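Peer 1: Sharing target_1.txt here; it has compact mmCIF, C-alpha atoms.
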# COMPACT_ATOMS: atom_id res chain seq x y z
CA MET W 44 125.21 136.10 99.79
CA ILE W 45 122.80 133.78 97.98
CA PRO W 46 123.75 133.08 94.34
CA ALA W 47 120.60 132.17 92.41
CA ARG W 48 120.87 132.10 88.65
CA GLY W 49 117.89 131.39 86.42
CA GLY W 50 119.46 128.83 84.09
CA SER W 51 119.25 125.64 86.13
CA LYS W 52 118.92 122.70 83.73
CA GLY W 53 118.25 119.79 86.09
CA ILE W 54 115.17 121.51 87.56
CA PRO W 55 114.04 124.58 85.57
CA LEU W 56 114.03 127.68 87.79
CA LYS W 57 114.99 125.47 90.70
CA ASN W 58 115.36 128.38 93.11
CA LEU W 59 111.68 129.26 92.67
CA GLN W 60 110.43 125.74 93.37
CA LYS W 61 108.41 125.52 96.57
CA ILE W 62 108.77 123.37 99.64
CA ALA W 63 106.04 123.65 102.28
CA GLY W 64 104.51 126.51 100.33
CA LYS W 65 107.62 128.67 100.20
CA THR W 66 110.23 129.00 97.44
CA LEU W 67 113.70 127.64 98.03
CA LEU W 68 115.01 131.17 97.59
CA ALA W 69 112.62 132.61 100.18
CA ARG W 70 113.53 129.83 102.62
CA ALA W 71 117.22 130.69 102.25
CA ILE W 72 116.54 134.41 102.68
CA ASP W 73 114.40 133.76 105.76
CA ALA W 74 117.16 131.64 107.31
CA ALA W 75 119.73 134.38 106.64
CA ARG W 76 117.52 137.14 108.02
CA ALA W 77 116.83 135.07 111.13
CA ALA W 78 120.56 134.76 111.89
CA ALA W 79 121.51 137.42 114.44
CA GLY W 80 125.02 137.75 113.05
CA ILE W 81 123.92 138.70 109.52
CA ASP W 82 123.33 142.39 108.79
CA LEU W 83 122.68 142.29 105.05
CA VAL W 84 121.20 139.63 102.76
CA VAL W 85 122.14 139.85 99.09
CA VAL W 86 120.91 137.71 96.19
CA SER W 87 123.04 137.55 93.05
CA THR W 88 120.94 136.69 90.00
CA ASP W 89 120.46 137.16 86.28
CA HIS W 90 116.73 136.41 86.31
CA ASP W 91 113.87 138.91 86.68
CA GLY W 92 111.56 136.47 88.48
CA ILE W 93 114.24 135.50 90.97
CA ALA W 94 115.07 139.16 91.54
CA ALA W 95 111.41 139.95 92.25
CA GLU W 96 111.12 137.02 94.68
CA ALA W 97 114.34 138.07 96.44
CA GLU W 98 113.10 141.62 96.94
CA ARG W 99 109.71 140.39 98.12
CA ALA W 100 111.43 138.22 100.72
CA GLY W 101 113.51 141.15 101.98
CA ALA W 102 116.87 140.73 100.26
CA ARG W 103 118.94 143.20 98.25
CA VAL W 104 119.52 142.18 94.63
CA VAL W 105 122.75 142.38 92.66
CA ARG W 106 122.32 141.76 88.94
CA ARG W 107 124.82 139.22 87.71
CA PRO W 108 126.35 139.68 84.23
CA GLU W 109 125.64 137.02 81.62
CA ALA W 110 129.25 135.86 81.69
CA LEU W 111 128.82 134.80 85.32
CA ALA W 112 125.45 133.12 84.83
CA ASP W 113 126.16 130.04 82.72
CA ASP W 114 126.96 126.47 83.79
CA ARG W 115 130.69 127.16 83.82
CA ALA W 116 130.54 130.08 86.25
CA THR W 117 131.63 129.28 89.80
CA SER W 118 129.76 130.34 92.90
CA GLU W 119 132.88 132.18 94.02
CA SER W 120 132.81 134.33 90.89
CA ALA W 121 129.26 135.40 91.73
CA LEU W 122 130.21 136.15 95.34
CA ILE W 123 133.23 138.23 94.40
CA HIS W 124 131.26 140.13 91.76
CA ALA W 125 128.48 140.91 94.24
CA LEU W 126 130.97 142.07 96.88
CA GLY W 127 132.46 144.42 94.32
CA CYS W 128 129.03 145.94 93.69
CA LEU W 129 128.42 146.75 97.34
CA GLU W 130 129.56 149.92 99.04
CA ASP W 131 129.20 148.32 102.47
CA ASP W 132 132.28 147.34 104.47
CA ILE W 133 131.85 143.57 104.71
CA ASP W 134 134.00 141.83 107.33
CA ILE W 135 132.50 138.36 107.02
CA THR W 136 130.76 136.82 104.04
CA VAL W 137 128.24 134.02 104.55
CA PHE W 138 127.61 132.04 101.38
CA ILE W 139 124.21 130.32 101.55
CA GLN W 140 122.84 127.94 98.91
CA ALA W 141 119.10 128.00 98.28
CA THR W 142 119.19 124.32 97.33
CA SER W 143 119.54 123.44 101.03
CA PRO W 144 116.01 124.07 102.35
CA PHE W 145 116.48 123.18 106.03
CA ILE W 146 119.10 125.68 107.21
CA ASN W 147 118.97 126.40 110.93
CA PRO W 148 119.90 130.06 111.68
CA GLU W 149 121.41 128.96 115.00
CA ASN W 150 124.01 126.88 113.15
CA VAL W 151 124.80 129.84 110.92
CA ASP W 152 125.25 132.11 113.96
CA ALA W 153 127.52 129.57 115.64
CA ALA W 154 129.73 129.47 112.54
CA ILE W 155 129.81 133.27 112.30
CA ALA W 156 130.86 133.52 115.95
CA ARG W 157 133.80 131.18 115.34
CA VAL W 158 135.09 133.27 112.43
CA ALA W 159 134.38 136.59 114.14
CA GLY W 160 136.18 135.35 117.26
CA GLY W 161 139.37 134.71 115.29
CA GLY W 162 139.42 130.95 115.74
CA ALA W 163 138.89 130.14 112.06
CA ASP W 164 139.05 131.76 108.65
CA VAL W 165 136.39 129.52 107.15
CA VAL W 166 133.64 127.47 108.79
CA PHE W 167 131.30 125.35 106.66
CA SER W 168 128.28 123.17 107.41
CA ALA W 169 128.95 119.46 107.56
CA VAL W 170 127.36 116.27 108.81
CA GLU W 171 129.18 113.32 110.35
CA ASP W 172 129.47 110.54 107.81
CA HIS W 173 130.22 106.91 108.71
CA SER W 174 130.26 105.62 105.13
CA PHE W 175 133.02 103.49 103.70
CA LEU W 176 133.88 105.18 100.41
CA TRP W 177 135.07 103.39 97.27
CA THR W 178 136.17 104.41 93.80
CA LEU W 179 136.85 102.49 90.60
CA ASP W 180 140.24 101.96 89.00
CA ASP W 181 140.88 101.97 85.25
CA SER W 182 139.75 98.37 84.93
CA GLY W 183 136.51 98.96 86.84
CA GLY W 184 137.72 97.33 90.03
CA ALA W 185 136.65 98.76 93.40
CA VAL W 186 139.33 100.56 95.42
CA ALA W 187 138.89 101.65 99.03
CA VAL W 188 139.10 105.40 99.68
CA GLY W 189 140.26 106.63 103.07
CA HIS W 190 140.24 103.18 104.69
CA ASP W 191 141.90 99.77 104.50
CA ALA W 192 139.63 97.29 102.77
CA ALA W 193 141.13 94.46 104.85
CA PHE W 194 140.33 96.16 108.16
CA ARG W 195 136.74 96.94 109.24
CA PRO W 196 136.85 98.81 112.55
CA ARG W 197 133.67 99.50 114.47
CA ARG W 198 132.11 102.89 113.84
CA GLN W 199 133.08 104.14 117.30
CA ASP W 200 136.69 103.12 116.63
CA ARG W 201 137.00 104.98 113.33
CA PRO W 202 138.21 108.60 112.99
CA ARG W 203 135.34 111.04 112.59
CA HIS W 204 134.62 111.91 108.96
CA PHE W 205 132.38 114.73 107.75
CA ASN W 206 130.38 115.27 104.59
CA GLU W 207 130.13 118.85 103.29
CA THR W 208 126.41 119.68 103.12
CA GLY W 209 126.73 122.73 100.84
CA ALA W 210 124.21 124.66 102.93
CA PHE W 211 126.45 127.49 104.16
CA TYR W 212 130.04 128.69 104.27
CA VAL W 213 131.22 131.49 106.58
CA MET W 214 134.40 133.24 105.37
CA ARG W 215 136.58 136.20 106.15
CA THR W 216 135.82 138.49 103.25
CA GLN W 217 139.39 139.61 102.66
CA GLY W 218 140.56 136.02 102.62
CA LEU W 219 137.89 135.13 100.06
CA LEU W 220 138.88 138.03 97.82
CA ALA W 221 142.58 137.17 98.08
CA ALA W 222 142.20 133.42 97.53
CA GLY W 223 139.36 133.57 95.02
CA HIS W 224 138.01 130.40 96.61
CA ARG W 225 135.82 129.51 99.59
CA PHE W 226 138.53 127.44 101.34
CA PHE W 227 141.59 129.20 102.72
CA GLY W 228 143.49 129.66 105.98
CA ARG W 229 142.25 127.72 108.99
CA ILE W 230 139.15 125.73 108.00
CA GLU W 231 136.68 124.27 110.49
CA VAL W 232 133.33 122.52 110.28
CA GLU W 233 130.01 123.45 111.88
CA GLU W 234 128.33 120.13 112.47
CA VAL W 235 124.61 120.12 111.65
CA PRO W 236 121.99 117.42 112.25
CA ALA W 237 121.61 114.83 109.53
CA GLU W 238 117.97 115.84 109.00
CA ASP W 239 119.13 119.37 108.10
CA ALA W 240 121.84 118.18 105.72
CA ARG W 241 119.64 117.72 102.67
CA GLU W 242 120.33 119.25 99.28
CA ILE W 243 118.28 119.41 96.09
CA ASP W 244 119.93 118.48 92.81
CA THR W 245 117.25 116.42 91.07
CA LEU W 246 113.47 116.25 90.82
CA SER W 247 113.51 113.14 93.02
CA ASP W 248 115.36 115.15 95.68
CA LEU W 249 112.69 117.85 95.47
CA THR W 250 109.88 115.31 95.80
CA LEU W 251 111.55 113.63 98.77
CA LEU W 252 112.20 116.88 100.65
CA ARG W 253 108.65 118.09 100.05
CA ALA W 254 107.46 114.92 101.74
CA MET W 255 110.00 115.35 104.55
CA ALA W 256 108.90 118.93 105.10
CA ALA W 257 105.36 117.75 105.76
CA GLY W 258 106.61 116.07 108.92
CA ARG W 259 108.81 118.94 110.15
CA ARG W 260 106.19 121.60 110.73
CA ASP W 261 105.38 122.85 114.19
CA VAL W 262 103.34 125.97 113.54
CA GLN W 263 101.98 127.79 116.59
CA HIS W 264 100.66 130.86 114.78
CA LEU W 265 99.54 131.67 111.24
CA ASP W 266 100.58 135.22 110.42
CA VAL W 267 98.02 135.83 107.68
CA ASP W 268 95.42 138.49 106.86
CA ALA W 269 92.74 136.27 105.27
CA VAL W 270 91.63 132.63 105.01
CA VAL W 271 90.20 130.73 102.03
CA THR W 272 88.97 127.14 102.34
CA ASP W 273 87.66 124.38 100.16
CA PHE W 274 84.32 122.95 101.41
CA ASP W 275 84.13 119.19 100.82
CA GLY W 276 86.93 117.47 102.68
CA VAL W 277 87.70 120.56 104.77
CA HIS W 278 84.44 121.69 106.37
CA THR W 279 83.22 118.10 105.93
CA ASP W 280 84.84 114.67 106.12
CA ASP W 281 84.31 114.31 102.34
CA ALA W 282 81.58 111.71 102.91
CA VAL W 283 77.99 111.99 101.68
CA LEU W 284 74.98 110.42 103.39
CA LEU W 285 72.45 109.34 100.76
CA SER W 286 68.81 108.64 101.74
CA GLU W 287 66.33 106.45 99.87
CA ASP W 288 64.70 109.47 98.21
CA GLY W 289 68.04 110.69 96.87
CA THR W 290 68.60 113.39 99.48
CA GLU W 291 72.27 113.97 100.22
CA SER W 292 73.53 115.13 103.62
CA VAL W 293 76.93 116.02 105.03
CA ARG W 294 78.26 116.55 108.54
CA VAL W 295 79.99 119.72 109.69
CA HIS W 296 81.84 120.49 112.90
CA ARG W 297 80.24 122.83 115.46
CA GLY W 298 83.67 123.96 116.58
CA ASP W 299 84.49 125.05 113.03
CA GLY W 300 81.53 127.43 113.14
CA MET W 301 82.70 128.91 116.44
CA GLY W 302 86.20 129.42 115.05
CA VAL W 303 84.98 131.11 111.87
CA ALA W 304 82.66 133.34 113.92
CA ALA W 305 85.66 134.47 115.97
CA LEU W 306 87.60 135.27 112.78
CA VAL W 307 84.68 137.25 111.40
CA ARG W 308 84.43 139.24 114.65
CA ALA W 309 88.15 139.95 114.39
CA GLY W 310 87.66 141.34 110.86
CA VAL W 311 89.60 138.57 109.08
CA PRO W 312 88.21 138.04 105.54
CA PHE W 313 87.06 134.44 104.94
CA LEU W 314 86.06 132.76 101.67
CA ILE W 315 84.59 129.31 101.09
CA LEU W 316 85.53 128.15 97.61
CA SER W 317 83.97 125.01 96.13
CA LYS W 318 84.16 123.18 92.83
CA GLU W 319 80.67 121.82 93.47
CA ARG W 320 77.51 123.92 93.14
CA ASN W 321 75.13 123.00 95.92
CA PRO W 322 72.71 125.01 98.08
CA VAL W 323 74.14 123.57 101.29
CA VAL W 324 77.43 125.35 100.67
CA THR W 325 75.59 128.64 100.24
CA ARG W 326 73.54 128.05 103.38
CA ARG W 327 76.62 127.20 105.40
CA ALA W 328 78.42 130.35 104.20
CA GLN W 329 75.35 132.46 104.98
CA LYS W 330 75.15 131.02 108.48
CA LEU W 331 78.85 131.72 109.02
CA ARG W 332 78.50 135.17 107.39
CA VAL W 333 81.44 134.66 105.06
CA ASP W 334 82.04 134.99 101.32
CA VAL W 335 81.33 132.00 99.10
CA ALA W 336 82.07 131.04 95.48
CA GLN W 337 80.74 127.80 93.96
CA GLY W 338 81.06 125.89 90.72
CA ILE W 339 84.69 127.00 90.46
CA ASP W 340 86.93 124.92 88.21
CA ASP W 341 89.85 127.38 88.23
CA LYS W 342 90.32 128.00 91.94
CA ALA W 343 93.58 129.91 91.54
CA THR W 344 91.99 132.54 89.27
CA ALA W 345 88.98 132.86 91.59
CA ILE W 346 91.21 133.38 94.63
CA GLU W 347 93.34 135.93 92.81
CA ALA W 348 90.23 137.92 91.82
CA TRP W 349 88.90 137.81 95.41
CA MET W 350 92.25 138.99 96.79
CA ARG W 351 92.44 141.85 94.29
CA GLU W 352 88.92 142.99 95.18
CA ARG W 353 89.85 143.12 98.84
CA GLY W 354 93.34 144.54 98.33
CA LEU W 355 95.01 141.54 99.97
CA ASP W 356 98.67 140.60 99.68
CA PRO W 357 98.67 137.00 98.31
CA GLU W 358 101.68 136.16 100.47
CA ARG W 359 99.55 136.86 103.55
CA VAL W 360 96.59 134.70 102.58
CA ALA W 361 96.04 131.09 103.67
CA TYR W 362 94.23 128.44 101.64
CA VAL W 363 93.05 125.19 103.23
CA GLY W 364 92.58 122.21 100.92
CA ASN W 365 92.51 118.44 100.85
CA ASP W 366 92.70 117.10 97.29
CA ILE W 367 94.67 117.50 94.08
CA ASN W 368 92.27 120.06 92.61
CA ASP W 369 93.47 122.38 95.40
CA LEU W 370 97.11 122.37 94.22
CA ALA W 371 96.59 125.25 91.77
CA ALA W 372 95.06 127.30 94.57
CA PHE W 373 98.10 126.52 96.73
CA SER W 374 100.28 128.32 94.19
CA ALA W 375 98.17 131.49 94.42
CA VAL W 376 98.74 132.12 98.14
CA GLY W 377 101.64 132.40 100.53
CA TRP W 378 100.37 129.93 103.09
CA PRO W 379 98.90 126.71 101.61
CA ILE W 380 97.50 124.44 104.33
CA ALA W 381 96.49 120.77 104.17
CA VAL W 382 94.09 118.96 106.46
CA ALA W 383 95.58 115.91 108.16
CA ASP W 384 93.89 113.39 105.86
CA ALA W 385 94.66 115.22 102.62
CA HIS W 386 95.93 113.57 99.45
CA PRO W 387 99.70 112.82 99.67
CA ALA W 388 100.48 115.34 96.91
CA VAL W 389 98.63 118.02 98.87
CA LEU W 390 100.43 117.12 102.10
CA ALA W 391 103.76 117.44 100.30
CA ALA W 392 102.90 120.82 98.76
CA ALA W 393 101.48 122.38 101.94
CA ARG W 394 103.35 124.85 104.08
CA THR W 395 101.41 123.65 107.11
CA VAL W 396 99.71 120.32 107.78
CA LEU W 397 96.96 120.44 110.38
CA GLU W 398 96.52 118.01 113.24
CA ALA W 399 92.80 117.64 112.46
CA SER W 400 91.19 115.95 109.48
CA GLY W 401 88.50 117.47 107.29
CA GLY W 402 85.18 117.77 109.10
CA GLN W 403 86.88 116.95 112.40
CA GLY W 404 87.84 120.43 113.56
CA ALA W 405 90.36 121.36 110.85
CA VAL W 406 88.75 124.75 110.18
CA ARG W 407 88.63 125.51 113.91
CA GLU W 408 92.31 124.63 114.17
CA VAL W 409 93.16 127.11 111.42
CA CYS W 410 91.05 129.83 113.05
CA ASP W 411 92.73 129.27 116.41
CA LEU W 412 96.18 129.45 114.80
CA VAL W 413 95.33 132.71 113.05
CA LEU W 414 93.95 134.27 116.22
CA GLY W 415 96.58 132.71 118.48
CA THR W 416 93.89 131.29 120.76
CA GLY W 417 94.88 127.63 120.78
CA GLU W 418 97.28 124.99 119.56
CA GLN W 419 95.13 121.84 119.51
CA PRO W 420 91.98 121.11 117.50
CA LEU W 421 88.72 120.33 119.21
CA PRO W 422 87.97 116.62 119.75
CA ALA W 423 86.40 114.92 116.75
CA ALA W 424 83.45 113.87 118.92
CA THR W 425 82.06 117.41 118.75
CA ALA W 426 81.31 116.99 115.03
CA THR W 427 77.56 116.58 115.32
CA ALA W 428 75.83 119.02 112.96
CA THR W 429 74.18 117.71 109.80
CA ALA W 430 73.44 119.64 106.63
CA GLY W 431 71.04 118.67 103.88
CA ARG W 432 72.28 118.54 100.27
CA THR W 433 69.11 118.24 98.26
CA GLY W 434 69.59 120.51 95.30
CA THR W 435 66.35 122.32 96.23
CA ASP W 436 66.13 123.60 99.78
CA GLY W 437 69.69 122.86 100.99
CA ARG W 438 68.81 122.81 104.71
CA ALA W 439 71.15 124.95 106.78
CA PRO W 440 73.23 123.15 109.42
CA ALA W 441 72.31 123.46 113.05
CA GLY W 442 74.52 125.43 115.42
CA PRO W 443 77.31 127.87 114.51
Do you think you could lay out the structure here as structure tokens?
Peer 2:
Amino acid sequence: MIPARGGSKGIPLKNLQKIAGKTLLARAIDAARAAAGIDLVVVSTDHDGIAAEAERAGARVVRRPEALADDRATSESALIHALGCLEDDIDITVFIQATSPFINPENVDAAIARVAGGGADVVFSAVEDHSFLWTLDDSGGAVAVGHDAAFRPRRQDRPRHFNETGAFYVMRTQGLLAAGHRFFGRIEVEEVPAEDAREIDTLSDLTLLRAMAAGRRDVQHLDVDAVVTDFDGVHTDDAVLLSEDGTESVRVHRGDGMGVAALVRAGVPFLILSKERNPVVTRRAQKLRVDVAQGIDDKATAIEAWMRERGLDPERVAYVGNDINDLAAFSAVGWPIAVADAHPAVLAAARTVLEASGGQGAVREVCDLVLGTGEQPLPAATATATAGRTGTDGRAPAGP
């Protein structure tokens, strides 16, 4: 069960915000579906957009009445309502919160096994916490909570304390229905790593976790049907060589050409999309035998039109970018990708961050990941081809 109402005030439509290119709701659904012990994933919502995203991600939707969708409604009320709408015989209910984006399905399965095995009635995710807690009395003075202020034992000498992460709660369904609350009977904790115990309540939380997600990715395969890339900063290192007569040149990576050629042979649609209008981009696309669109200010609209023409599912299309004018395009596809030296905002918004920088084998790395032919980019030293950017002849680059 994933309660996801549409009326979040702190972050509007918080459940549809993206981390690493995927909505918080979709991340929660994916974690639930990946848990071996979960047979059915249900999203309780009052919002059409959330319902559509839930169904797209593979969950069943239960429409929540307005009375259970305001700030005063408890999560338990949504769970109990959803259970009442299901005809399935539910032995164990797993309550997952979409605001916890780093849920490990293995932890969920471990908690389910403990409840299913009869050892506990409720198991919830928690992280060990070594903090000394304090509160304030009526006069504003600090008062120790759970410890003696006059005694400071070493961490290893203190009793273990746990902080509830809010990520997931595994409960016997009948106990939940009888108690009307998530805590009843024998309660145990499923300890999770501190790096997984993050929750989003504020915009600053969202910004922080987007940045954290950029360092957590270990993608070995891109399960996509098509690839779209920016040109400058992706196929090139974003530098321009300017001669005395005003001729501009850029460098491209031979390995990139080989990777794109392999994609083309495999029948994977490929589009080069550029804000600039320059003959070298056209020549490069012609040499690679891929689609090209130039002089594009609204990249998202251009990508959407290209996907419609080809009958592509946006969720199965990758876009590779490097700068802030690529962020709109990121929102149009299911797999936004950043080159290693991309702008920080692009790195944070990407679902995958490449090992290679723009012009240093980044495109080849993407091609290899799509085809499953390699995990590491080619060495930067192979970037030797030069392309003319003259505005007249636009000399085609040498090699693939």
Peer 1: Kindly give the distance, in Å, that separates atom CA of Ala385 of chain W and atom CA of Met255 of chain W, rounded to a single decimal.
Peer 2: 15.5 Å
Peer 1: W:Gly402, W:Gly415, W:Gly161, W:Gly183: which is nearest Ala282 of chain W, counting all atoms listed in the file?
Peer 2: W:Gly402
Peer 1: Using all atoms listed in the file, which of W:Leu246, W:Cys410, W:Val86, W:Tyr212 sits nearest Arg308 of chain W?
Peer 2: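 Checking each of W:Leu246, W:Cys410, W:Val86, W:Tyr212 against Arg308 of chain W, counting all atoms listed in the file, the winner is W:Cys410.
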Peer 1: So, with all atoms listed in the file as the atoms that count, which of W:Asp180, W:Glu96, W:Glu233, W:Asp244 lies closest to Asp152 of chain W?
Peer 2: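 With all atoms listed in the file as the atom set, the closest residue is W:Glu233.
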Peer 1: Tell me which protein, DNA and RNA residues are within 9 Å of Val170 of chain W, counting only C-alpha atoms, leaving out same-chain ones fewer than 6 positions away, and put them as a list in words.
Peer 2: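 Result of the neighbour search: His204, Phe205, Asn206, Glu207, Thr208, Val232, Glu233, Glu234, Val235, Pro236, Ala237, Asp239 and Ala240 of chain W.
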Peer 1: Residues at most 6 Å from segment 354-366 of chain W, counting all atoms listed in the file, excluding those fewer than 5 positions away in the same chain, as a ChimeraX atom specification?
Peer 2: /W:267-273,276,376-382,385-386
Peer 1: Find the residue from W:Gly80, W:Gly64, W:Pro46, W:Gly209 that sits nearest to Arg106 of chain W; use only C-alpha atoms when measuring.
Peer 2: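 Answer, going by the shortest atom-to-atom distance: W:Pro46.
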Peer 1: How far is it from atom CA of Thr88 of chain W to atom CA of Val105 of chain W, in Å with one decimal?
Peer 2: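 Those two atoms sit 6.5 Å apart.
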Peer 1: Which residue out of W:Ala141, W:Leu59, W:Leu284, W:Ala78 has the minimum interatomic distance to Ile243 of chain W when all atoms listed in the file are used?
Peer 2: W:Ala141
Peer 1: Please compute the atom CA of Phe175 of chain W-atom CA of Thr142 of chain W distance, one decimal, in Å.
Peer 2: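 So the answer is 25.8 Å.
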Peer 1: Residues near Gln140 of chain W, anyone? I mean within 12 Å using only C-alpha atoms, not counting same-chain ones fewer than 2 positions away, as a PyMOL selection string.
Peer 2: chain W and resi 44-48+57-58+67-72+74-75+85-87+118-119+122+137-138+142-146+167-168+208-213+240-244
Peer 1: Between W:Ile367, W:Leu265, W:Asp113, W:Val186, which one has atoms that come closest to Pro387 of chain W, using all atoms listed in the file?
Peer 2: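 For Pro387 of chain W, the nearest of the given residues is W:Ile367.
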